[in-house]
Structures are given as C-alpha cells and as structure tokens.
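Visitor: Supplied structure: work.cif, mmCIF, C-alpha atoms.
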```
data_run
#
loop_
_atom_site.label_atom_id
_atom_site.label_comp_id
_atom_site.auth_asym_id
_atom_site.auth_seq_id
_atom_site.Cartn_x
_atom_site.Cartn_y
_atom_site.Cartn_z
CA ARG K 1 -11.53 0.19 -33.53
CA LEU K 2 -12.06 2.86 -30.88
CA ALA K 3 -15.57 3.58 -32.13
CA ASP K 4 -16.41 -0.16 -32.25
CA ALA K 5 -15.16 -0.54 -28.67
CA GLY K 6 -17.32 2.37 -27.48
CA ALA K 7 -14.22 4.35 -26.54
CA LEU K 8 -15.17 7.61 -28.31
CA THR K 9 -16.87 9.24 -25.34
CA GLY K 10 -16.92 12.77 -23.92
CA ARG K 11 -14.00 11.70 -21.73
CA THR K 12 -11.86 10.65 -24.72
CA LEU K 13 -8.98 12.83 -25.87
CA LEU K 14 -7.53 11.89 -29.24
CA VAL K 15 -4.10 13.42 -29.78
CA HIS K 16 -2.91 14.76 -33.14
CA GLY K 17 -5.41 13.25 -35.59
CA VAL K 18 -3.06 13.84 -38.53
CA HIS K 19 -3.72 10.45 -40.14
CA LEU K 20 -7.51 10.30 -39.88
CA ASP K 21 -9.09 9.45 -43.20
CA GLU K 22 -12.50 10.87 -44.13
CA GLU K 23 -14.46 7.95 -42.69
CA GLU K 24 -12.51 8.07 -39.40
CA ARG K 25 -12.92 11.84 -39.20
CA GLU K 26 -16.70 11.41 -39.57
CA LEU K 27 -16.71 8.82 -36.77
CA VAL K 28 -14.88 11.25 -34.49
CA LEU K 29 -17.11 14.19 -35.47
CA SER K 30 -20.25 12.16 -34.78
CA SER K 31 -18.95 11.25 -31.31
CA PRO K 32 -18.50 13.46 -28.23
CA ALA K 33 -14.71 12.78 -28.24
CA TRP K 34 -12.17 15.63 -28.16
CA ILE K 35 -9.07 16.13 -30.33
CA ALA K 36 -5.84 17.79 -29.17
CA HIS K 37 -4.19 19.85 -31.91
CA ASN K 38 -0.39 19.95 -31.44
CA PRO K 39 1.01 22.05 -34.30
CA ARG K 40 4.63 22.43 -33.13
CA SER K 41 5.01 18.75 -32.33
CA ASN K 42 3.48 17.77 -35.67
CA MET K 43 5.87 20.11 -37.49
CA ASN K 44 8.89 18.97 -35.49
CA ASN K 45 8.15 15.28 -36.02
CA SER K 46 7.21 15.75 -39.71
CA VAL K 47 4.04 13.73 -39.28
CA GLY K 48 1.63 15.99 -41.14
CA TYR K 49 -1.00 18.58 -40.38
CA ALA K 50 -4.42 17.93 -38.94
CA SER K 51 -6.58 20.79 -40.14
CA PRO K 52 -8.39 21.89 -36.97
CA SER K 53 -11.13 23.47 -39.07
CA SER K 54 -12.03 19.95 -40.28
CA LEU K 55 -12.08 18.47 -36.79
CA GLY K 56 -15.27 20.04 -35.47
CA GLU K 57 -16.10 21.94 -32.31
CA ARG K 58 -14.25 19.81 -29.75
CA VAL K 59 -10.68 20.82 -30.61
CA LEU K 60 -8.27 21.89 -27.92
CA LEU K 61 -4.66 23.00 -28.06
CA GLY K 62 -1.84 20.83 -26.74
CA THR K 63 1.94 20.67 -26.94
CA ASP K 64 2.69 16.91 -26.84
CA GLY K 65 5.72 17.66 -24.70
CA ILE K 66 7.54 19.96 -27.11
CA GLY K 67 7.44 22.58 -24.39
CA ALA K 68 4.86 23.91 -22.01
CA ASP K 69 4.65 27.32 -23.65
CA MET K 70 1.00 27.72 -24.60
CA PHE K 71 1.68 31.24 -25.86
CA ALA K 72 4.09 29.90 -28.49
CA GLU K 73 1.81 26.94 -29.23
CA SER K 74 -1.19 29.16 -29.83
CA GLN K 75 0.84 31.48 -32.06
CA HIS K 76 2.04 28.55 -34.17
CA ALA K 77 -1.52 27.22 -34.34
CA PHE K 78 -2.71 30.61 -35.56
CA PHE K 79 -0.01 30.91 -38.21
CA ARG K 80 -0.74 27.39 -39.48
CA ALA K 81 -4.48 28.15 -39.55
CA ARG K 82 -3.79 31.38 -41.42
CA GLU K 83 -1.70 29.41 -43.95
CA GLU K 84 -4.66 27.14 -44.51
CA ARG K 85 -7.31 29.88 -44.61
CA LEU K 86 -6.59 33.58 -45.04
CA ASP K 87 -9.70 34.48 -43.05
CA ALA K 88 -8.64 32.46 -39.98
CA ASP K 89 -9.23 34.61 -36.91
CA ALA K 90 -7.06 34.74 -33.80
CA SER K 91 -10.12 34.25 -31.60
CA VAL K 92 -10.54 30.71 -32.99
CA VAL K 93 -7.22 29.70 -31.45
CA LEU K 94 -8.19 31.23 -28.11
CA GLY K 95 -11.31 29.10 -28.38
CA TRP K 96 -9.10 26.03 -28.65
CA LEU K 97 -7.31 27.13 -25.46
CA SER K 98 -10.66 27.62 -23.76
CA SER K 99 -11.79 24.17 -24.90
CA GLY K 100 -8.99 22.67 -22.83
CA ALA K 101 -10.46 24.31 -19.72
CA THR K 102 -13.93 23.07 -20.71
CA LEU K 103 -12.75 19.47 -21.01
CA MET K 104 -10.81 19.61 -17.74
CA SER K 105 -13.81 21.16 -15.98
CA ASN K 106 -15.93 18.24 -17.16
CA LEU K 107 -13.36 15.59 -16.24
CA PHE K 108 -12.52 16.99 -12.81
CA GLU K 109 -16.07 18.21 -12.11
CA THR K 110 -14.67 21.59 -11.03
CA PRO K 111 -14.94 24.79 -13.05
CA ILE K 112 -11.52 25.58 -14.51
CA GLY K 113 -10.65 28.80 -16.30
CA ARG K 114 -13.30 30.84 -14.50
CA LEU K 115 -13.28 33.34 -11.66
CA GLU K 116 -16.30 32.23 -9.67
CA PRO K 117 -17.12 30.56 -6.33
CA GLY K 118 -16.32 26.84 -6.40
CA ALA K 119 -13.93 27.13 -9.35
CA ALA K 120 -10.34 25.92 -9.14
CA ALA K 121 -8.28 28.82 -7.79
CA ASP K 122 -5.95 28.92 -10.79
CA LEU K 123 -4.56 32.26 -11.84
CA VAL K 124 -1.76 33.56 -14.05
CA VAL K 125 -0.62 37.17 -13.71
CA LEU K 126 1.11 38.74 -16.71
CA ASP K 127 3.47 41.70 -16.53
CA GLU K 128 4.02 43.98 -19.51
CA LEU K 129 7.81 43.84 -19.63
CA ASP K 130 8.19 46.55 -22.25
CA GLY K 131 5.86 49.02 -20.57
CA PRO K 132 2.31 49.89 -21.55
CA ARG K 133 1.12 48.94 -25.02
CA PRO K 134 0.47 51.73 -27.52
CA THR K 135 -2.86 50.07 -28.39
CA PRO K 136 -5.29 49.86 -25.46
CA LEU K 137 -6.21 46.29 -24.60
CA SER K 138 -9.90 45.47 -25.02
CA GLY K 139 -12.11 42.43 -25.41
CA GLY K 140 -12.24 43.08 -29.14
CA ASN K 141 -8.50 43.14 -29.71
CA PHE K 142 -7.37 40.76 -26.97
CA PRO K 143 -6.92 37.78 -29.36
CA TRP K 144 -4.61 39.84 -31.54
CA HIS K 145 -2.56 41.06 -28.56
CA TRP K 146 -2.28 37.37 -27.54
CA MET K 147 -1.03 36.34 -30.98
CA PHE K 148 1.35 39.20 -31.67
CA GLY K 149 2.39 40.61 -28.31
CA PHE K 150 2.03 38.21 -25.41
CA THR K 151 4.82 35.75 -24.58
CA SER K 152 5.59 33.37 -21.73
CA ARG K 153 8.25 35.87 -20.59
CA MET K 154 5.36 38.00 -19.34
CA VAL K 155 4.25 35.41 -16.75
CA ARG K 156 4.98 36.90 -13.34
CA ASP K 157 2.86 34.89 -10.91
CA VAL K 158 1.08 31.52 -11.09
CA MET K 159 -1.44 30.13 -8.62
CA VAL K 160 -2.71 26.54 -8.92
CA ASP K 161 -5.66 25.46 -6.80
CA GLY K 162 -5.05 28.40 -4.46
CA ARG K 163 -1.36 27.59 -3.98
CA LEU K 164 1.21 30.10 -5.21
CA ILE K 165 3.67 28.23 -7.46
CA LEU K 166 5.52 31.16 -9.05
CA SER K 167 5.89 34.57 -7.42
CA GLU K 168 7.69 37.49 -9.04
CA ARG K 169 9.13 34.96 -11.54
CA GLU K 170 10.62 32.86 -8.72
CA LEU K 171 9.63 29.18 -8.58
CA LEU K 172 8.44 28.45 -5.03
CA THR K 173 7.79 24.72 -5.19
CA ALA K 174 11.14 23.34 -6.36
CA ASP K 175 14.82 24.23 -6.50
CA GLU K 176 15.18 25.32 -10.11
CA ASP K 177 19.00 25.34 -10.03
CA SER K 178 19.09 21.72 -8.80
CA ILE K 179 16.66 20.67 -11.52
CA VAL K 180 18.78 22.31 -14.23
CA GLU K 181 21.95 20.76 -12.82
CA LEU K 182 20.38 17.29 -12.75
CA ALA K 183 19.03 17.72 -16.30
CA ARG K 184 22.48 18.64 -17.58
CA GLU K 185 23.90 15.57 -15.89
CA VAL K 186 21.38 13.06 -17.25
CA ALA K 187 20.77 14.57 -20.72
CA PRO K 188 23.94 13.11 -22.30
CA LYS K 189 23.07 9.67 -20.90
CA LEU K 190 19.55 9.90 -22.33
CA TRP K 191 20.83 10.98 -25.74
CA ALA K 192 23.38 8.15 -25.73
CA ARG K 193 20.57 5.63 -25.09
CA MET K 194 18.48 7.07 -27.91
#
```
What does this structure look like when you write it as structure tokens?
Guide:
Amino acid sequence: RLADAGALTGRTLLVHGVHLDEEERELVLSSPAWIAHNPRSNMNNSVGYASPSSLGERVLLGTDGIGADMFAESQHAFFRAREERLDADASVVLGWLSSGATLMSNLFETPIGRLEPGAAADLVVLDELDGPRPTPLSGGNFPWHWMFGFTSRMVRDVMVDGRLILSERELLTADEDSIVELAREVAPKLWARM
C-alpha cells in the first residue's frame, strides 16, 4: 500500500520491518526508503527479528522507546547480527549508527555527525571511568572498543546545536530530581490504566 501510494521516498522511515515478506522487502529495497532496526524492542515485544543484512544499505539503528541508550542498542544489534552470521563485523553496526546521522542530515538539511563549518554543533564527550585502556584506541579497533568497552556511563558532556545539555554528568536543562519524583508518582496510575 505504501509503495502504491508513492510513500516510499528518501524521507520515509519504516520502523522494525520484522513482518516484511519477500515481495515487500524487494519493494522497500528498490525504493530510497530507510528502515530502523530496533533489536531490543523486537526482542522485548517478541515480534520477531528483521535481519538487517537482508534490508539493504539504508538501515539505521533505533530503540523504539525501550531506552535511549544507543551504546546498549548497538551492542545488542551486534550480538544479534553475530548470531545470524559468524562473520558479522562490529563496524557494520557503527555504520547503522552513522546512517541515522545521514538521514537526519538529509531531512534537516544540516550536516549532523560531522565536525565541520555549518554542521549542527552536536558533541558527546566520553570519559574513561576505569582509567586508560590497556589496548590503545585506533581507527582500526574503535568498533570493537565500542562493542565491548564503551557504555552510556562514560558520557560526561553533551552539546546539542551548540547548547550544553549535560556537563560533568549534571543535567543542565531540567531538574532531574523533580522528573524522577513525578515519574514515580504517575507510574502506578499508568500501569493501572494499562
């Protein structure tokens, strides 16, 4: 239906893709549409597994709201890919992360994920909590450090569009204690409604 309606464009993001049959997969692959792979959400909801290797070049990594931890999401995506294919490489998953920046750059017409003039001033600074790594970090081994060593606990500072959001692990844009208190108050009401 989406293909017939002309909705599979370069601005289309299909989420999950776990129930695409072969004909539908071919329609998506022949279009410029993107697919968000959400391995933890798919596992949690028991809906199946969309093999990213069968989804073409326009795959990006998402969470579908099961948390905003892209470190954990990428690690789960790697382990699932390695289950499927023993030769799956960690750099493929980092490519899926990079694809998200590519799509957003196209949609917002501003380079995202790059350090260059005119790009969105977005930056994340990581801190090695456990001290220096015994293996020097290089371009060649960076994907493996990402998969087996990096965690969201290492995020020290975050800048979004030139505005510091997190500094020295302190949230600057909201009162975190108030948010937690409100969440604890409304969570039982939400669960009761569900």
Visitor: Can you give me, as an MDAnalysis selection string, the residues this file yields under the PyMOL selection byres ((chain K and resi 56) around 10)?
Guide: chainID K and resid 25:26 28:30 34:35 51:55 57:59
Visitor: Tell me which residues the PyMOL selection byres ((chain K and resi 156-159) around 12) grabs here, as a list in words.
Guide: Ala120, Ala121, Asp122, Leu123, Val124, Val125, Leu126, Asp127, Glu128, Leu129, Thr151, Ser152, Arg153, Met154, Val155, Val160, Asp161, Gly162, Arg163, Leu164, Ile165, Leu166, Ser167, Glu168, Arg169, Glu170, Leu171, Leu172 and Thr173 of chain K
Visitor: Within 8 Å of Trp144 of chain K, counting all atoms listed in the file, which residues show up once you throw out same-chain ones fewer than 3 positions away? Write them as a VMD selection string, please.
Guide: chain K and resid 90 to 91 141 147 to 149
Visitor: Using only C-alpha atoms, please write the residues we just selected to a file, as a CSV table (one decimal), keeping the file's coordinate frame.
Guide:
```csv
chain,number,residue,atom,x,y,z
K,90,ALA,CA,-7.1,34.7,-33.8
K,91,SER,CA,-10.1,34.2,-31.6
K,141,ASN,CA,-8.5,43.1,-29.7
K,147,MET,CA,-1.0,36.3,-31.0
K,148,PHE,CA,1.4,39.2,-31.7
K,149,GLY,CA,2.4,40.6,-28.3
```
Visitor: Using only C-alpha atoms, which of K:Val180, K:Met194, K:Met43, K:Leu27 sits nearest Asp64 of chain K?
Guide: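 Closest candidate: K:Met43.
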Visitor: May I have the residues at most 12 Å from (-3.4, 9.9, -37.6) in the file's coordinates, counting only C-alpha atoms, as a list in words?
Guide: Leu14, Val15, His16, Gly17, Val18, His19, Leu20, Asp21, Glu22, Glu24, Arg25, Val28, Ile35, Ala36, His37, Asn42, Val47, Gly48, Tyr49, Ala50 and Ser51 of chain K
Visitor: Return the single residue from K:Arg82, K:Ser46, K:Thr12, K:Ala187 that is closest to Ala33 of chain K, with distances computed using all atoms listed in the file.
Guide: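 The answer is K:Thr12, which sits nearest to Ala33 of chain K.
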Visitor: Starting from the PyMOL selection byres ((chain K and resi 109-113) around 12), expand the selection into actual residues of this file and give them as a list in words.
Guide: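 So the PyMOL selection byres ((chain K and resi 109-113) around 12) ends up selecting Arg11, Leu97, Ser98, Ser99, Gly100, Ala101, Thr102, Leu103, Met104, Ser105, Asn106, Leu107, Phe108, Arg114, Leu115, Glu116, Pro117, Gly118, Ala119, Ala120, Ala121, Asp122, Leu123, Val124, Val160 and Asp161 of chain K.
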